[in-house]
Every structure is written in structure tokens, then in C-alpha cells.
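*Asks:* Structure provided below as C-alpha cells; questions to follow.
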Amino acid sequence: MGKKIKKEIEPPPKDVFDPLTIESKKAATVVLMLNSPEEEILAKACEAIYKYALKGEENKATLLELGAVEPLTKLLSHEDKIVRRNATMILGILSSNSDVKKLLRELVIMNSVIAQLAPEEEVVIHEFASLCLANMSAEYTSKVQIFEHGGLEPLIRLLNSPDPDVKKNSIECIYNLVQDFQCRATFQELNAIPSILELLKSEYPVIQLLALKTLGVITNDKELRTMLRDHQGVDHLIKILETKELNDLHIEALSVVANCLEDTDTIVLIQQTGGLKKLLVFAENSPIPDIQKNAAKAITKAAYNPENRKFFHEQEVEKCLVALLSSESDGTKIAASQAISAMCESSGSKDFFNYQGIPQLIQLLKSDNEEVREAAALALANLTTCNPANANAAAEADGIVPLINVLSGKRDGAIANAATVLTNMAMQEPLRVSIQSHDVMRALISPLRSANTVVQSKAALAVAAIACDLEARTELRNSGGLEPLVELLRSKNDEVRRHASWAVMVCAGDELMATELSRLGALDILGEINLSVSRKNKFSEAAYNKLLNNHLSLKYSQTGYLSSSNIISDGFYDYGRINPGIKLLPLKELCLQEPNDQRAILLVNSKPSEVSPPPSTEDKSSDIGYGRSISSLSSLRRASKEKTRKYRYLSSAGFGSPWEDKSEPSSGRTTAVSKSATKEKGLRKSRGKKEEEKVKEEEEVTTVLKWAGEASPDKEWSPPSDPDFCGYVYEVTKSILPITNIKEQIEALAKYVAEKMGGKVPKEKLYDFSWELHISELKFQLKSNVVPIGMIKKGIFYHRALLFKALADKIGIGCSLVRGEYGRAWNEVKLMNESRKGMIGGFPPPEVYIVDLMFQPGGLIKLKSREADLYRFL
């Protein structure tokens with residue numbers, strides 16, 4: 001046997017690097033190795049970094065600083081499975097760090113991570129890739145990226161993975177994704193419900209809980225609720241609720257059930273399976289506030305169905321809900337209040353809460369929690385709507401002050417509901433008076449200025465309900481509440497505009513408020529609204545008419561009609577017809593205008609002047625006639641325009657007592673109006689243009705100035721007085737008012753008016769009746785377009801009709817005033833047909849007649865007759 005010869009080891013080639021085994025103790029060194037082309041080194045480096053990252057958050061931050069993240073993302077697409085797996089594991093761990101997540105979003109790695117969810121990949125890769133996505137999906141931008149890169153479908157597939165960690169990570173990511181409605185829309189197409197329902201059977205509570213939370217989100221969509229019901233999901237939920245060992249899942253299960261109860265079919269199904277009783281048991285007996293809260297929420301959803309309300313009422317759910325109002329949990333109080341609101345649809349439940357519940361809800365209005373106050377206010381609003389007994393119970397529970405305090409809160413819902421309760425309470429006069437005594441109008445101003453249309457609407461409605469009394473309206477005006485109320489008329493919201501119009505209509509109940517509302521532009525705004533077919537409403541029309549009824553001058557100018565209920569008061573003036581949208585100038589401005597060639601503005605004013613004439617002889621008082629006083633007035637008006645002095649219209653006549661009974665006539669005249677006018681005319685003729693007349697005029701002006709006194713700048717302006725009209729009022733009151741027969745009264749008044757306006761005018765001589773010159777002379781004498789109606793001695797249709805209406809209103813004769821074309825105007829009266837009196841079958845309707853003031857003064861012409869048409873039209 002030969003000697004063995006030892007075989008020599010061949011040295012490596014010269015161009016090959018000798019293997020090097022190193023031991024690194026620095027993370028930085030290992031991070032550098034991530035850029036190595038050698039798969040073995042990459043695998044070992046990744047393994048070492050993975051162990052390092054598991055040790056804590058500080059290590060994750062260190063790896064981020066060392067720049068480990070970017071090379072790791074590149075390794076996700078490495079050819080070697082081990083390298084790819086290890087890189088995925090590291091990124092899954094690192095992605096829990098917020099700074100790492102931010103960098104990963106910037107590097108746009110979603111495609112690479114989602115690729116690791118492919119079916120052929122290992123379970124470990126699935127686990128850490130889904131973990132990375134779960135961590136990233138907590139942020140909205142990443143959520144969108146996952147969805148847009150098709151990550152939802154593989155995640156749903158992984159719900160059936162055998163590995164519980166993969167299931168947990170996948171369902172957590174899906175839960176985050178379905179918060180967005182676009183994801184939920186895709187959810188239905190991917191048929192994910194069965195897979196999620198399977199997770200409810202998992203032995204891991206965290207997976208079950210995440211599955212329930214996901215169902216709680218997706219069941220906000222009707223289609224997905226239907227899918228859940230079709231896959232027997234309701235049965236799974238009821239079983240969970242029936243299993244005591246799963247009590248840690250009951251809160252979320254109840255939340256899902258509450259969502260499902262929005263569908264009628266699901267309600268029927270749950271009722272058949274005894275689920276409604278289970279809800280009551282949870283609400284009554286559970287010691288866990290969140291379970292009680294969700295049970296109450298489920299009752300709320302179910303109570304929107306009439307059959308369920310009936311069932312709950314039979315089970316006396318009201319007692320349970322009242323008990324929940326005393327819970328220490330605000331969430332439970334809110335849910336119980338909302339359930340009471342839903343149960344209020346049942347009259348039986350409303351009656352129950354009249355005895356119990358309302359005091360507790362009033363106490364909740366004082367809570368520091370805004371949401372609690374809002375829910376309590378909602379319940380009270382529903383309880384008191386169309387239920388005076390409950391409104392009274394709320395007042396008896398001292399609810400007025402807390403409700404008014406809620407009006408100054410921050411939550412719009414609470415404010416709107418509180419305003420609704422106050423509106424409901426104000427329907428009863430004793431409660432309204434009590435509400436008014438607590439400065440409620442001032443509290444409503446802030447809601448009226450709210451940007452929320454619901455709050456605006458409810459606040460305006462509250463104003464409409466409470467402002468029925470003069471004191472309340474005065475408080476609203478003094479508190480500055482009219483401005484925001486008028487501004488709401490401009491709202492684009494129909495309900496706000498409607499309720500604001502209603503409130504304006506109520507507030508216009510007295511002349512002072514109507515005037516103020518008009519000054520703020522309410523009349524103009526309502527006029528614009530009523531011109532629009534889409535914006536106008538019954539309330540806007542009613543409010544406009546109510547304001548017009550307190551501004552009859554504007555009403556007659558715009559509509560050409562005053563009804564028998566429109567009583568002409570002092571200060572009324574007929575400007576003539578104006579078109580909608582044209583503003584009518586106030587009387588003061590019109591009085592100060594210079595005369596022009598437009599038609600005269602007719603003024604009705606029976607108020608005597610506030611000053612008394614000085615003692616004078618008969619001749620002196622005769623000299624200061626109506627025309628001379630007017631001349632003095634003209635000079636005074638010019639002085640007023642120069643802002644040096646302000647004088648009043650001077651002549652006056654006492655109302656209600658004859659001049660001849662006074663030793664010193666207040667009007668400065670010793671005879672009746674007609675005699676004074678005749679004497680004045682005679683004086684003018686006899687003097688002509690003598691020099692002594694000028695001296696006399698100067699003396700008279702001096703007398704007038706002394707009579708008027710120097711007007712102080714702050715003295716209120718008043719319209720010119722009309723002594724002749726005052727005399728008319730006195731005469732008709734004395735001679736016509738005592739007449740007992742209404743027809744005879746009308747005839748007598750018509751003859752009286754015609755006599756004062758130039759007498760009977762035959763039809764054929766109508767165009768020879770020269771009234772225009774007379775009116776022009778008056779305008780010239782007054783130096784104004786405004787002519788008091790009593791000064792007109794030659795008048796035609798529209799002069800006479802206005803005088804008739806003004807005098808008729810003074811003595812209580814009901815008549816209307818109608819403007820026609822071409823200077824025509826007439827009065828309409830209603831009279832019973834004498835020939836039909838005593839007929840069987842009740843009183844016949846009265847017939848309408850036109851009062852003839854021109855052709856046959858005192859004649860009554862049946863409306864719609866040929867004679868009536870001849871009187872009304874050319």
C-alpha cells in the first residue's frame with residue numbers, strides 16, 4: 001500500500017475577494033449594508049435591523065435618522081424572497097412611527113406594499129404588509145393612496161387568511177378606509193359583508209371588535225344595511241347581544257343594531273326575533289353607561305316606526321328613558337333625550353311625559369355640556385308642539401328662564417329648539433305674559449342675527465308668537481330687534497322669509513311700529529318680494545298689507561283703494577298714483593318742496609294748531625284770513641329752508657265746540673267758515689293794490705310771527721292745520737251723526753260734500769267746471785304742492801271722494817275709496833236691500849252702491865250698473 005499524499009488546497013483566483021466575516025456593533029454600519037448587492041448580507045442586515053427596531057420607539061427614530069427607510073423601500077421589490085420578506089417586516093414595524101409614516105407618504109410606496117398582499121406571498125409578508133397599511137391608513141392622504149392603488153380588494157381577501165394577525169391588520173385597515181364614502185361605495189361591489197360577518201366568530205375579541213366597528217360605519221349606507229340583512233347579519237348581532245360572555249362587544253353591537261333599525265324591513269325582523277325587548281333590557285338593567293347610551297340610540301331609531309312606538313309604549317319605555325335622564329353619563333342623557341323626542345310622535349307618550357320627564361329635561365337645560373342642552377331642548381320642543389298641557393308643565397317646572405338662557409348659547413340646534421319651546425309656550429296668554437317679563441325680546445336679537453337659517457327661522461317665529469302685545473313690541477323696538485328682523489326679509493331661504501314676514505305682520509299691529517318698520521325698509525323689501533312669483537308667500541303679502549294699512553297714504557297711492565276698515569287719520573295725503581318700487585316721499589319733504597306743475601297733493605288734517613291766537617278784535621281777526629295766514633306760512637317755510645327759523649302753520653279751530661260759543665275764537669275768526677271765506681274775499685277785492693294793504697300785510701305778518709313764536713330747532717315738525725276741515729268735522733258731527741238711518745246719513749253727507757266743493761255739476765257742463773285754476777291759485781298762495789282738503793272750494797271726483805271718505809270715517813259711516821282713471825274716484829257703500837228685509841232664510845248679502853257726489857249729489861248708484869259705469873269712467 002503506497003503512502004498517502006496530502007492534497008494541497010488551491011488558492012482562490014486573484015480577481016475574487018476573499019470572504020470576510022465581520023461583527024458590527026453599530027446600527028449605522030448595518031444601515032450601510034442595506035445598499036450591498038449581496039443577498040446574504042442584505043438578508044442578515046435586515047434581520048439585525050428588525051430586531052433593533054422591535055426594542056422601542058427610540059430605535060425607530062434612530063433608524064430614520066440614519067437613513068434606513070429609503071433603502072428598505074427599494075428592497076420591497078427585491079428578487080430574493082427572504083430579502084423582500086425581511087424588508088417588509090421592518091417597514092411594518094417602523095410604520096407605527098409618525099415621522100416614518102410621513103416619509104413613507106413622500107416616497108410613494110403604496111404600490112410596492114400592496115404588491116406584497118399577492119396570494120403567492122408568504123403569510124409573514126401578508127402580516128407585516130397589512131400592518132404597514134393599517135398604520136398608514138390612519139392618515140387621510142395615505143387612505144386615499146391605498147384606495148386609489150386598489151388596496152381594498154386584497155385586504156378584503158385577506159380577511160379569510162388563516163393567520164389571525166393578518167385578519168386583525170386587514171380589518172383594522174378596512175375600518176380606517178371605510179370612513180370615506182367612496183370606499184363604502186366600492187365595498188358593496190366587493191361583497192365584503194360575508195367575510196366581515198365571519199370575523200364575528202373569531203376567538204380573538206380584538207378582531208370581533210374591529211369587525212363590529214367596521215359594520216357600525218358601513219351600515220350608515222342603506223345599500224350596505226340591506227346586504228347585511230340579506231346575509232343574516234342581524235341574527236349574528238342578536239346572538240352577540242344574547243351572549244353574556246360577549247358583553248365587551250355589546251356596546252358596538254348595539255351601535256350596529258341602531259343603524260339597522262333605520263330600515264323598516266330590519267325593524268320587522270328584529271321585532272320578530274325579540275330584539276326590541278332586548279334593547280329595553282339593556283337600557284334598563286345594564287350598569288355600563290355606553291351600553292345604555294347605545295341601547296337608547298337604538299330605541300330612538302326604532303321609535304320612528306309607528307308600530308315600534310306602540311310596542312315601546314306598551315312596554316312602558318318612557319319610565320326607562322326618564323330614569324336614564326338622571327344618569328351620570330352625558331352621552332346617556334343625550335341619547336335618552338333623543339329617544340324621548342322620537343317617542344313624542346305618540347300622543348300616549350306625550351301625555352306620560354307631562355307628569356314625568358319634563359322637570360328632568362328642564363334641569364338638563366342648565367347643564368354645562370352644550371350637547372346635553374341641545375338634546376334636552378329638542379325633546380322639550382317636540383313635547384310642547386301642539387300640546388298646551390306640556391307647554392304649561394314646562395313653565396310650571398320653571399323652564400322659562402333656562403330656555404331664554406339657552407338662546408345665548410353656542411350650539412345652533414339648542415338655540416333653535418329653545419326658541420321653538422318658547423313659541424309653543426307663547427300660544428297661551430298667561431305664559432306669554434310670563435315670558436315677556438323676562439326680557440325675552442333682547443335675548444332673541446342674537447338668534448335673529450345668526451348665520452344659521454334654522455335659527456333665524458325659529459327666532460323670527462318666536463318673535464311672531466311673543467310680539468302680540470304692545471309691551472313686547474316696544475321692548476323689541478327699544479332693544480334694536482327690528483333691524484335684524486327686517487334684514488331677514490332679504491333671506492334666500494323660503495322658511496326664513498316666511499317667518500320673518502309673519503313676525504313683521506305681527507309687529508305692525510300699531511302705527512308707531514309700522515312707521516318704524518317702514519323707515520327701516522320693510523315695506524320696500526316686501527314690495528320687491530311680492531313682485532317675485534318664486535319669492536312671495538301669503539305672509540309676505542299679509543305683512544305688506546298690514547304695513548300699508550298703517551301707511552294709508554302709500555296704500556292709496558300704490559293700490560288706489562281704501563276699504564271701509566282703512567280709517568283715514570290726520571296726516572293722510574293723496575299724492576296720486578305711483579308705480580310699484582317708486583318711493584313715496586314723506587309729507588314733511590313734500591311740504592317743503594316748491595310748487596310745480598304736477599297735480600296737487602291733498603292733505604287731510606283735523607288737528608288744530610298747537611298755538612293759540614292772541615286776543616283780537618273782529619276786524620283784526622278777519623284780516624288775518626286763511627289766505628293771509630298762508631302767505632305768512634310761505635315766508636316762514638322759506639325761512640325754514642334757510643335753517644334760520646321754523647314756524648308752524650297757524651290757523652286753528654277747536655274740535656267739538658262751536659266757535660260762536662267762545663268769547664275769543666281760537667281760529668282768529670268770529671263767523672263760520674263759509675262766512676269767513678266770503679268776508680276774506682270781499683276784503684281782498686275792496687283793497688285792491690292800495691299801499692295800505694302792504695302796510696297791513698306787514699302788520700299781519702308781524703302778528704303771525706308773534707302768534708307762532710320763534711320755533712326752537714328741536715321742536716317737532718307737524719303738518720299744516722286745516723281750519724276749514726276742522727269746521728266740516730264739527731258740522732257733520734253735529735248735524736249728520738245724529739241721523740239714525742244709515743242711508744239718510746250717506747245722502748246727507750254726500751250733499752254736504754258737494755256743497756263744499758262747488759255744488760252740483762251737470763254732466764254736460766263737467767268740462768266747463770274750472771277747478772284747475774282754483775287749485776293752481778291755492779298752490780301759489782301756499783307756495784307748496786300740498787293743499788289741505790278743506791281749502792278746496794271747487795273740486796271734482798277725486799277731491800270730493802277723498803273729502804267724503806275723510807268725513808265718513810270721522811262719524812263712523814263705512815265706505816271705501818276707489819281711484820279710477822283720468823281724475824275719477826268714487827266711494828262705495830254697502831246697504832241692505834229694504835225690499836228684501838223680513839224674507840225667510842236669513843239676511844241677504846248687502847248690496848254695493850256708488851255715492852254720487854257730482855251729478856246728483858246724494859244719489860246712490862248700484863255698482864256694475866250702466867249709471868255706475870258712466871260715473872266711474874269717461
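Chain lettering (A, B, ...) mirrors the order of the C-alpha cells, residue numbering begins at 1 for each chain separately, and ligand numbering begins at 1 in order of display.
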Where in range 200-438 of chain A does DSSP assign helix (DSSP H, G or I), given as a VMD selection string?
*Replies:* chain A and resid 205 to 218 222 to 230 233 to 242 244 to 260 264 to 272 275 to 285 289 to 302 306 to 314 317 to 324 330 to 343 347 to 355 358 to 364 370 to 384 388 to 396 400 to 406 412 to 425 429 to 436
*Asks:* Quick one: contact table of range 537-581 of chain A to range 801-811 of chain A, 9 Å max, nearest atom pair and distance in Å to one decimal per residue, counting only C-alpha atoms, chain and number order, as a tab-separated table?
*Replies:*
residue	atom	partner	partner_atom	distance
A:Ser564	CA	A:Asp809	CA	8.2
A:Asn566	CA	A:Asp809	CA	8.7
A:Ile567	CA	A:Asp809	CA	5.8
A:Ile568	CA	A:Ala806	CA	5.8
A:Ser569	CA	A:Ala806	CA	7.9
A:Asp574	CA	A:Leu802	CA	8.4
*Asks:* Kindly export the residues of the current selection with N, CA and C atoms, as a CSV table (one decimal), in the first residue's frame.
*Replies:*
chain,number,residue,atom,x,y,z
A,564,SER,N,-113.4,100.1,3.8
A,564,SER,CA,-114.1,100.7,4.9
A,564,SER,C,-113.4,100.6,6.2
A,566,ASN,N,-110.1,100.8,6.5
A,566,ASN,CA,-109.0,101.7,6.4
A,566,ASN,C,-109.5,103.1,6.8
A,567,ILE,N,-109.3,103.5,8.1
A,567,ILE,CA,-109.8,104.7,8.6
A,567,ILE,C,-108.7,105.8,8.4
A,568,ILE,N,-109.1,106.8,7.6
A,568,ILE,CA,-108.2,107.9,7.3
A,568,ILE,C,-108.0,108.7,8.6
A,569,SER,N,-106.7,108.9,8.9
A,569,SER,CA,-106.4,109.7,10.1
A,569,SER,C,-105.7,111.0,9.7
A,574,ASP,N,-103.0,112.4,-0.3
A,574,ASP,CA,-103.1,111.7,-1.5
A,574,ASP,C,-102.1,112.3,-2.5
*Asks:* Quick one: residues within 7 Å of range 494-502 of chain A, only C-alpha atoms, excluding same-chain residues fewer than 6 positions away - as a list of chain:residue names?
*Replies:* A:Thr453, A:Gln456, A:Ser457, A:Ala460, A:Leu461, A:Ala464, A:Leu485, A:Leu488, A:Asn537, A:Phe539, A:Ser540, A:Ala543
*Asks:* Which residue out of A:Leu407, A:Lys168, A:Met227, A:Val440 has the minimum interatomic distance to Asn191 in chain A when only C-alpha atoms are used?
*Replies:*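 Among A:Leu407, A:Lys168, A:Met227, A:Val440, it is A:Met227 that comes nearest to Asn191 in chain A.
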*Asks:* Within 12 Å of Ala542 in chain A, counting only C-alpha atoms, which residues qualify if same-chain residues fewer than 3 places away don't, as an NGL selection string?
*Replies:* :A and (498-506 or 508-509 or 523 or 526-527 or 529-530 or 536-539 or 545-549)
*Asks:* Write out as a PyMOL selection string each polymer residue whose atoms come within 12 Å of Thr73 in chain A, counting only C-alpha atoms; drop sequence neighbours fewer than 2 positions from it.
*Replies:* chain A and resi 34-35+46+67-71+75-78+83-92+94-95+100+103-113+129+132
*Asks:* Between A:Glu594, A:Glu318, A:Glu828, A:Glu153, which one has atoms that come closest to Leu782 in chain A, using only C-alpha atoms?
*Replies:* A:Glu594
*Asks:* So how far away is CA of Ala418 in chain A from CA of Pro447 in chain A, in Å?
*Replies:*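 Result for CA of Pro447 in chain A versus CA of Ala418 in chain A: 10.7 Å, one decimal.
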*Asks:* Do you know which residues are at most 7 Å from range 844-847 of chain A counting only C-alpha atoms, after dropping those on the same chain fewer than 5 positions away, and could you put them as a list in words?
*Replies:*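 Close residues of range 844-847 of chain A: Lys830, Leu831, Met832 and Asn833 of chain A.
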*Asks:* Next, dump the selected residues to file, keeping only all heavy atoms, as a compact mmCIF listing (two decimals), in the first residue's frame.
*Replies:*
# COMPACT_ATOMS: atom_id res chain seq x y z
N LYS A 830 -122.05 99.91 1.42
CA LYS A 830 -122.87 98.70 1.41
C LYS A 830 -124.14 98.95 2.21
O LYS A 830 -124.07 99.43 3.35
CB LYS A 830 -122.09 97.52 2.02
CG LYS A 830 -120.93 97.06 1.17
CD LYS A 830 -120.23 95.87 1.80
CE LYS A 830 -119.08 95.39 0.92
NZ LYS A 830 -118.37 94.23 1.53
N LEU A 831 -125.27 98.64 1.58
CA LEU A 831 -126.56 98.84 2.23
C LEU A 831 -127.43 97.61 2.04
O LEU A 831 -127.35 96.93 1.01
CB LEU A 831 -127.28 100.05 1.63
CG LEU A 831 -126.64 101.44 1.88
CD1 LEU A 831 -127.36 102.49 1.06
CD2 LEU A 831 -126.64 101.78 3.35
N MET A 832 -128.26 97.34 3.04
CA MET A 832 -129.21 96.24 2.92
C MET A 832 -130.34 96.65 1.99
O MET A 832 -130.78 97.82 2.00
CB MET A 832 -129.79 95.88 4.29
CG MET A 832 -128.75 95.37 5.29
SD MET A 832 -128.03 93.81 4.79
CE MET A 832 -129.46 92.75 4.88
N ASN A 833 -130.82 95.69 1.22
CA ASN A 833 -131.95 95.94 0.32
C ASN A 833 -133.22 95.97 1.15
O ASN A 833 -133.63 94.98 1.74
CB ASN A 833 -132.02 94.83 -0.74
CG ASN A 833 -133.00 95.17 -1.85
OD1 ASN A 833 -134.00 95.85 -1.63
ND2 ASN A 833 -132.70 94.69 -3.05
*Asks:* Might you pull out every residue within 9 Å of Gln356 in chain A, with only C-alpha atoms counted and same-chain residues fewer than 4 positions away left off, and present them as an NGL selection string?
*Replies:* :A and (318-319 or 322 or 352 or 360)
*Asks:* If I take CA of Met513 in chain A and CA of Arg477 in chain A, how far is one from the other in Å, to one decimal?
*Replies:* 7.7 Å
*Asks:* Please determine, counting only C-alpha atoms, which residue among A:Gln116, A:Gln232, A:Ser349, A:Ser202 has the shortest atom-to-atom distance to Ile270 in chain A.
*Replies:* A:Gln232
*Asks:* Could you tell me which of A:Leu280, A:Leu152, A:Ile288, A:Ile739 comes closest to Glu314 in chain A if we count only C-alpha atoms?
*Replies:*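 Distance minimum relative to Glu314 in chain A lands on A:Leu280.
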